[in-house]
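What's in final-v3.txt: compact mmCIF, C-alpha atoms
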```
# COMPACT_ATOMS: atom_id res chain seq x y z
CA ILE A 1 9.58 118.30 47.90
CA ILE A 2 10.95 121.55 49.34
CA SER A 3 13.58 121.93 46.61
CA VAL A 4 11.00 121.07 43.91
CA CYS A 5 8.84 123.93 45.21
CA GLY A 6 11.84 126.22 44.78
CA ILE A 7 12.33 125.01 41.21
CA LEU A 8 8.66 125.70 40.41
CA ALA A 9 8.98 129.16 41.97
CA ILE A 10 11.82 130.07 39.61
CA ILE A 11 10.29 128.47 36.52
CA THR A 12 6.81 129.95 36.98
CA ARG A 13 8.04 133.26 38.46
CA LEU A 14 5.44 132.78 41.22
CA LYS A 15 2.60 132.94 38.66
CA LEU A 16 0.27 129.95 38.96
CA ASP A 17 -1.40 130.70 35.63
CA ILE A 18 1.88 129.78 33.89
CA LEU A 19 1.82 126.37 35.58
CA PHE A 20 -1.82 125.69 34.67
CA SER A 21 -1.41 126.86 31.07
CA LEU A 22 1.40 124.43 30.21
CA ASN A 23 0.81 122.44 27.04
CA PHE A 24 2.41 119.09 26.25
CA ASN A 25 3.31 117.77 22.80
CA LYS A 26 5.15 114.83 21.27
CA GLY A 27 8.52 116.34 22.07
CA ASP A 28 7.68 116.24 25.77
CA LEU A 29 7.28 112.45 25.53
CA THR A 30 10.81 112.26 24.14
CA MET A 31 12.08 114.27 27.10
CA VAL A 32 10.28 111.94 29.54
CA VAL A 33 11.99 108.93 27.93
CA ALA A 34 15.32 110.78 28.07
CA MET A 35 14.88 111.53 31.80
CA LEU A 36 14.01 107.89 32.53
CA SER A 37 17.07 106.78 30.57
CA TRP A 38 19.27 109.23 32.48
CA ALA A 39 17.90 108.04 35.83
CA THR A 40 18.49 104.41 34.87
CA TYR A 41 22.01 105.22 33.71
CA SER A 42 22.81 107.04 36.95
CA ALA A 43 21.45 104.21 39.10
CA LEU A 44 23.35 101.51 37.20
CA LEU A 45 26.56 103.55 37.14
CA LYS A 46 27.14 102.93 40.86
CA VAL A 47 26.76 99.16 40.52
CA LYS A 48 28.66 98.62 37.25
CA LYS A 49 30.48 95.29 37.27
CA TYR A 50 32.98 95.87 34.48
CA ASP A 51 36.42 97.05 35.54
CA VAL A 52 36.86 99.99 33.15
CA SER A 53 38.17 103.47 33.80
CA GLN A 54 35.88 106.49 33.86
CA LEU A 55 37.30 107.86 30.60
CA CYS A 56 36.83 104.46 28.95
CA LEU A 57 33.24 104.36 30.18
CA LEU A 58 32.66 107.86 28.79
CA GLN A 59 34.09 106.79 25.42
CA ILE A 60 31.70 103.81 25.34
CA ILE A 61 28.74 106.12 26.05
CA ILE A 62 29.84 108.56 23.33
CA SER A 63 30.29 105.73 20.81
CA PHE A 64 26.82 104.31 21.42
CA GLY A 65 25.35 107.81 21.29
CA LEU A 66 26.99 108.33 17.92
CA LEU A 67 25.47 105.09 16.61
CA PHE A 68 21.99 106.24 17.66
CA LEU A 69 22.47 109.68 16.08
CA ILE A 70 23.64 108.43 12.67
CA PRO A 71 20.10 107.40 11.50
CA VAL A 72 18.75 110.77 12.66
CA TYR A 73 21.47 112.59 10.72
CA ILE A 74 20.76 110.55 7.58
CA PHE A 75 17.03 111.25 7.89
CA GLU A 76 17.61 115.02 8.22
CA PHE A 77 20.09 114.92 5.31
CA ILE A 78 17.45 113.29 3.10
CA LEU A 79 14.97 116.01 4.08
CA GLY A 80 17.43 118.61 2.81
CA TYR A 81 18.89 119.94 6.05
CA ARG A 82 22.57 120.84 5.76
CA ILE A 83 25.18 121.96 8.30
CA GLU A 84 26.77 125.33 7.57
CA ILE A 85 30.33 125.47 8.87
CA ASN A 86 30.87 129.01 10.15
CA LEU A 87 32.30 130.74 13.21
CA PRO A 88 29.14 130.65 15.40
CA PHE A 89 28.65 126.95 14.61
CA THR A 90 32.30 126.17 15.42
CA LEU A 91 32.22 128.07 18.72
CA THR A 92 28.91 126.46 19.74
CA LEU A 93 30.14 122.98 18.86
CA THR A 94 33.40 123.53 20.76
CA TYR A 95 31.51 124.65 23.86
CA VAL A 96 29.04 121.74 23.71
CA VAL A 97 31.80 119.16 23.24
CA LEU A 98 34.18 120.43 25.93
CA PHE A 99 31.83 121.45 28.73
CA PRO A 100 28.41 119.69 28.59
CA GLY A 101 29.76 116.79 26.53
CA LEU A 102 33.02 115.90 28.29
CA LEU A 103 33.71 117.84 31.49
CA SER A 104 30.20 117.57 32.94
CA PHE A 105 29.98 113.83 32.22
CA ILE A 106 33.38 113.18 33.81
CA CYS A 107 32.38 115.11 36.94
CA TRP A 108 29.00 113.37 37.08
CA ILE A 109 30.54 109.88 36.77
CA LYS A 110 33.09 110.72 39.46
CA GLY A 111 30.43 112.16 41.76
CA ILE A 112 28.22 109.08 41.49
CA SER A 113 31.18 106.79 42.14
CA LEU A 114 31.86 108.73 45.36
CA ILE A 115 28.45 109.36 46.90
CA GLY A 116 26.01 107.29 44.81
CA PRO A 117 23.14 108.25 42.46
CA ASN A 118 20.62 109.18 45.16
CA ARG A 119 22.80 111.82 46.83
CA SER A 120 24.15 113.03 43.47
CA GLY A 121 20.71 113.46 41.91
CA ILE A 122 19.60 116.03 44.47
CA PHE A 123 22.24 118.45 43.16
CA LEU A 124 20.45 118.55 39.79
CA HIS A 125 18.02 120.87 41.57
CA LEU A 126 20.76 123.52 41.50
CA MET A 127 20.37 123.86 37.73
CA PRO A 128 17.60 126.55 37.92
CA ILE A 129 19.74 128.61 40.31
CA LEU A 130 22.83 128.32 38.11
CA SER A 131 20.75 129.08 35.00
CA ALA A 132 19.32 132.19 36.62
CA ILE A 133 22.82 133.36 37.62
CA MET A 134 24.10 132.82 34.07
CA ALA A 135 21.09 134.72 32.68
CA MET A 136 21.88 137.65 34.98
CA ILE A 137 25.53 137.66 33.89
CA ILE A 138 25.09 137.04 30.15
CA PHE A 139 21.66 138.51 29.35
CA ASP A 140 21.45 141.17 32.09
CA GLU A 141 18.32 139.63 33.57
CA ARG A 142 17.10 141.43 36.68
CA PHE A 143 17.29 139.76 40.08
CA MET A 144 13.71 139.30 41.28
CA PHE A 145 12.04 138.16 44.48
CA PHE A 146 11.12 134.77 43.01
CA HIS A 147 14.82 134.10 42.38
CA ALA A 148 15.62 134.56 46.07
CA LEU A 149 12.59 132.59 47.24
CA GLY A 150 13.28 129.72 44.85
CA ALA A 151 16.97 129.61 45.80
CA LEU A 152 16.03 129.56 49.49
CA PHE A 153 13.68 126.60 49.02
CA ILE A 154 16.14 124.69 46.82
CA LEU A 155 19.11 125.15 49.15
CA SER A 156 16.98 124.33 52.20
CA GLY A 157 15.73 121.13 50.57
CA ILE A 158 19.25 120.06 49.62
CA LEU A 159 20.56 120.78 53.13
CA ILE A 160 17.74 118.83 54.76
CA PHE A 161 18.32 115.91 52.39
CA LEU A 162 22.07 115.90 53.00
CA GLY A 163 21.57 116.15 56.75
CA LEU A 164 19.11 113.27 56.86
CA SER A 165 21.17 111.09 54.53
CA SER A 166 24.33 111.78 56.57
CA CYS A 167 22.55 110.81 59.79
CA ILE A 168 21.16 107.62 58.27
CA ALA A 169 24.53 106.73 56.74
CA SER A 170 26.27 107.38 60.06
CA LYS A 171 23.78 105.17 61.89
CA CYS A 172 24.39 102.32 59.41
CA LEU A 173 28.15 102.83 59.69
CA ILE A 174 27.98 102.70 63.51
CA SER A 175 26.03 99.44 63.29
CA SER A 176 28.63 97.97 60.91
CA VAL A 177 31.56 98.97 63.14
CA ARG A 178 29.78 97.60 66.23
CA GLU A 179 29.15 94.32 64.41
CA ILE A 180 32.81 94.10 63.35
CA ALA A 181 33.97 94.78 66.91
CA ASN A 182 31.65 92.08 68.29
CA LEU A 183 32.90 89.54 65.75
CA ILE A 184 36.52 90.24 66.67
CA GLU A 185 35.96 90.37 70.42
CA ASN A 186 33.39 87.66 71.13
CA GLN A 187 34.13 84.95 68.57
CA GLU A 188 37.03 82.70 67.92
CA ILE A 189 38.63 83.94 64.71
CA ASN A 190 39.10 81.06 62.30
CA ASP A 191 39.67 81.31 58.57
CA GLN A 192 35.97 81.60 57.74
CA ASN A 193 35.22 84.24 60.39
CA GLU A 194 38.33 86.18 59.39
CA LYS A 195 37.10 86.35 55.79
CA ILE A 196 33.70 87.61 57.00
CA VAL A 197 35.31 90.33 59.14
CA LYS A 198 37.62 91.45 56.32
CA ALA A 199 34.70 91.56 53.88
CA LYS A 200 32.70 93.77 56.26
CA VAL A 201 35.67 96.07 56.86
CA GLN A 202 36.36 96.32 53.13
CA GLU A 203 32.81 97.64 52.62
CA ILE A 204 33.50 100.74 54.74
CA VAL A 205 37.17 101.49 53.95
CA SER A 206 38.81 102.21 50.60
CA ARG A 207 42.23 100.62 51.13
CA ASP A 208 42.98 96.91 50.81
CA VAL A 209 42.61 95.02 54.10
CA SER A 210 43.16 91.47 52.85
CA SER A 211 46.48 91.15 54.72
CA SER A 212 45.55 93.19 57.82
CA SER A 213 45.57 91.88 61.36
CA ASN A 214 42.52 91.92 63.63
CA GLU A 215 43.86 94.95 65.50
CA HIS A 216 44.40 96.80 62.23
CA LEU A 217 40.91 95.86 61.03
CA LEU A 218 39.33 97.28 64.16
CA ARG A 219 41.43 100.45 63.95
CA SER A 220 40.56 100.92 60.26
CA SER A 221 36.84 100.58 61.03
CA THR A 222 37.05 103.11 63.85
CA GLU A 223 39.00 105.57 61.69
CA SER A 224 36.40 105.26 58.91
CA LEU A 225 33.58 105.93 61.38
CA THR A 226 35.37 108.98 62.81
CA GLU A 227 36.27 110.41 59.39
CA ASN A 228 32.76 110.02 58.00
CA SER A 229 31.20 111.53 61.12
CA VAL A 230 33.44 114.60 60.86
CA ASP A 231 32.99 115.03 57.10
CA GLY A 232 29.25 114.34 57.05
CA ILE A 233 27.94 115.83 60.31
CA PHE A 234 30.30 117.67 62.65
CA GLY A 235 32.29 119.52 59.97
CA PRO A 236 29.27 121.08 58.19
CA LEU A 237 27.61 121.90 61.52
CA PHE A 238 30.77 123.66 62.70
CA TRP A 239 31.00 125.87 59.59
CA ILE A 240 27.26 126.58 59.65
CA PHE A 241 27.72 127.77 63.24
CA ILE A 242 30.63 129.99 62.13
CA GLY A 243 28.41 131.41 59.36
CA ILE A 244 25.71 132.27 61.89
CA ILE A 245 28.29 134.19 63.92
CA PHE A 246 29.47 136.02 60.79
CA MET A 247 25.90 137.10 59.99
CA LYS A 248 25.72 138.97 63.28
CA TYR A 249 28.64 141.19 62.30
CA SER A 250 28.04 141.87 58.58
CA ILE A 251 25.75 140.73 55.79
CA PHE A 252 28.74 140.83 53.43
CA LEU A 253 30.54 138.01 55.26
CA PRO A 254 29.90 134.35 54.24
CA GLY A 255 26.72 132.96 55.77
CA PRO A 256 25.90 129.50 57.16
CA LEU A 257 24.66 128.05 53.85
CA SER A 258 27.67 129.21 51.84
CA LEU A 259 30.17 127.98 54.43
CA GLY A 260 28.39 124.65 54.86
CA PHE A 261 28.22 124.03 51.11
CA SER A 262 31.81 125.17 50.66
CA TYR A 263 33.02 122.70 53.26
CA LYS A 264 31.10 119.84 51.64
CA ALA A 265 32.41 120.81 48.20
CA ILE A 266 36.03 120.98 49.41
CA SER A 267 35.63 117.68 51.26
CA THR A 268 34.23 116.01 48.13
CA LEU A 269 36.97 117.43 45.91
CA ASP A 270 39.58 116.26 48.41
CA SER A 271 38.27 112.70 48.18
CA MET A 272 38.35 112.88 44.38
CA ILE A 273 42.09 113.67 44.27
```
Spit out the file's structure as structure tokens when you get a sec.
Amino acid sequence: IISVCGILAIITRLKLDILFSLNFNKGDLTMVVAMLSWATYSALLKVKKYDVSQLCLLQIIISFGLLFLIPVYIFEFILGYRIEINLPFTLTLTYVVLFPGLLSFICWIKGISLIGPNRSGIFLHLMPILSAIMAMIIFDERFMFFHALGALFILSGILIFLGLSSCIASKCLISSVREIANLIENQEINDQNEKIVKAKVQEIVSRDVSSSSNEHLLRSSTESLTENSVDGIFGPLFWIFIGIIFMKYSIFLPGPLSLGFSYKAISTLDSMI
């Protein structure tokens, strides 16, 4: 809710009459369907059951998109619309294919596979901030108060969401590790119980544990709990604290938000390699 308020602040430029004077047409309905389709795609992407690579999945999406666009192209061709091949068209098409069409989809698929659709979706709220920055760089748009206020609300909402989700995830992880430890310590490990323990450990670690001993299973669970606690809670809090100290010396040094986000970005990129 906080980040949505920031988005509205940037879009409306803090003028409520712009929000109340919005008109909706048939094209808006198409955009609503597109957003629902995108949300469904993002949610199902995490639970896909087919063992295909990310590039193969992207190729499947592009192929089906091409099939849906062919009737639209034929319809526009019948109406007399023609494509003029010139330099602006070529440059625009190259940009759309390489960046929004390929690179952004690859990053989005990888991000969802790492942190899931719920945590990935919150970062879509950064689009107004990035759009405003690009407008200032490309079109010389002036930096206004509503830009700063909107960015503050958006970043605050994202930080609160990430903090709460990290705490909830850590609590669930602690419960899982405690349950694994109890199964190993208090029960006689037969073949059936061993399969249950290995299945629970495999849910929280990335490496294969099918041939691991009970001691290795317990150590792997503890390492996963420690690593996730550092990456999700203690690491960001440490760099936010460093940013607060920097702010006392100079406003030109990195602040708590920039250092906290930078740590999370580096940590995420490290897990992607």
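One finds atom CA of A:Leu114 at 22.3 Å from atom CA of A:Trp239.
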Checklist entry - At what distance in Å, to one decimal, does atom CA of A:Ser165 lie from atom CA of A:Ile180? => result 22.4 Å
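Take the candidates A:Ile2, A:Leu259, A:Arg82, A:Leu58 and check each one against A:Pro236 using only C-alpha atoms; the shortest distance goes to A:Leu259.
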Checklist entry - Restricting the calculation to all atoms listed in the file, which member of A:Ser211, A:Gln59, A:Ser258, A:Ser131 is positioned closest to A:Ile106? => result A:Gln59
Next on the checklist: For a cutoff of 12 Å around the file-coordinate point (18.3, 122.8, 43.8), which residues qualify once you count only C-alpha atoms? I'd like the result as a PyMOL selection string.
Outcome noted: chain A and resi 1-10+120-132+147+149-161
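Across the structure, atom CA of A:Phe241 and atom CA of A:Leu257 are spaced 9.9 Å apart.
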Next on the checklist: Using all atoms listed in the file, which protein or nucleic acid residues come within 7 Å of stretch 171-178 of chain A? Drop anything in the same chain fewer than 6 positions from it, and give the result as a PyMOL selection string.
Outcome noted: chain A and resi 221-222+225
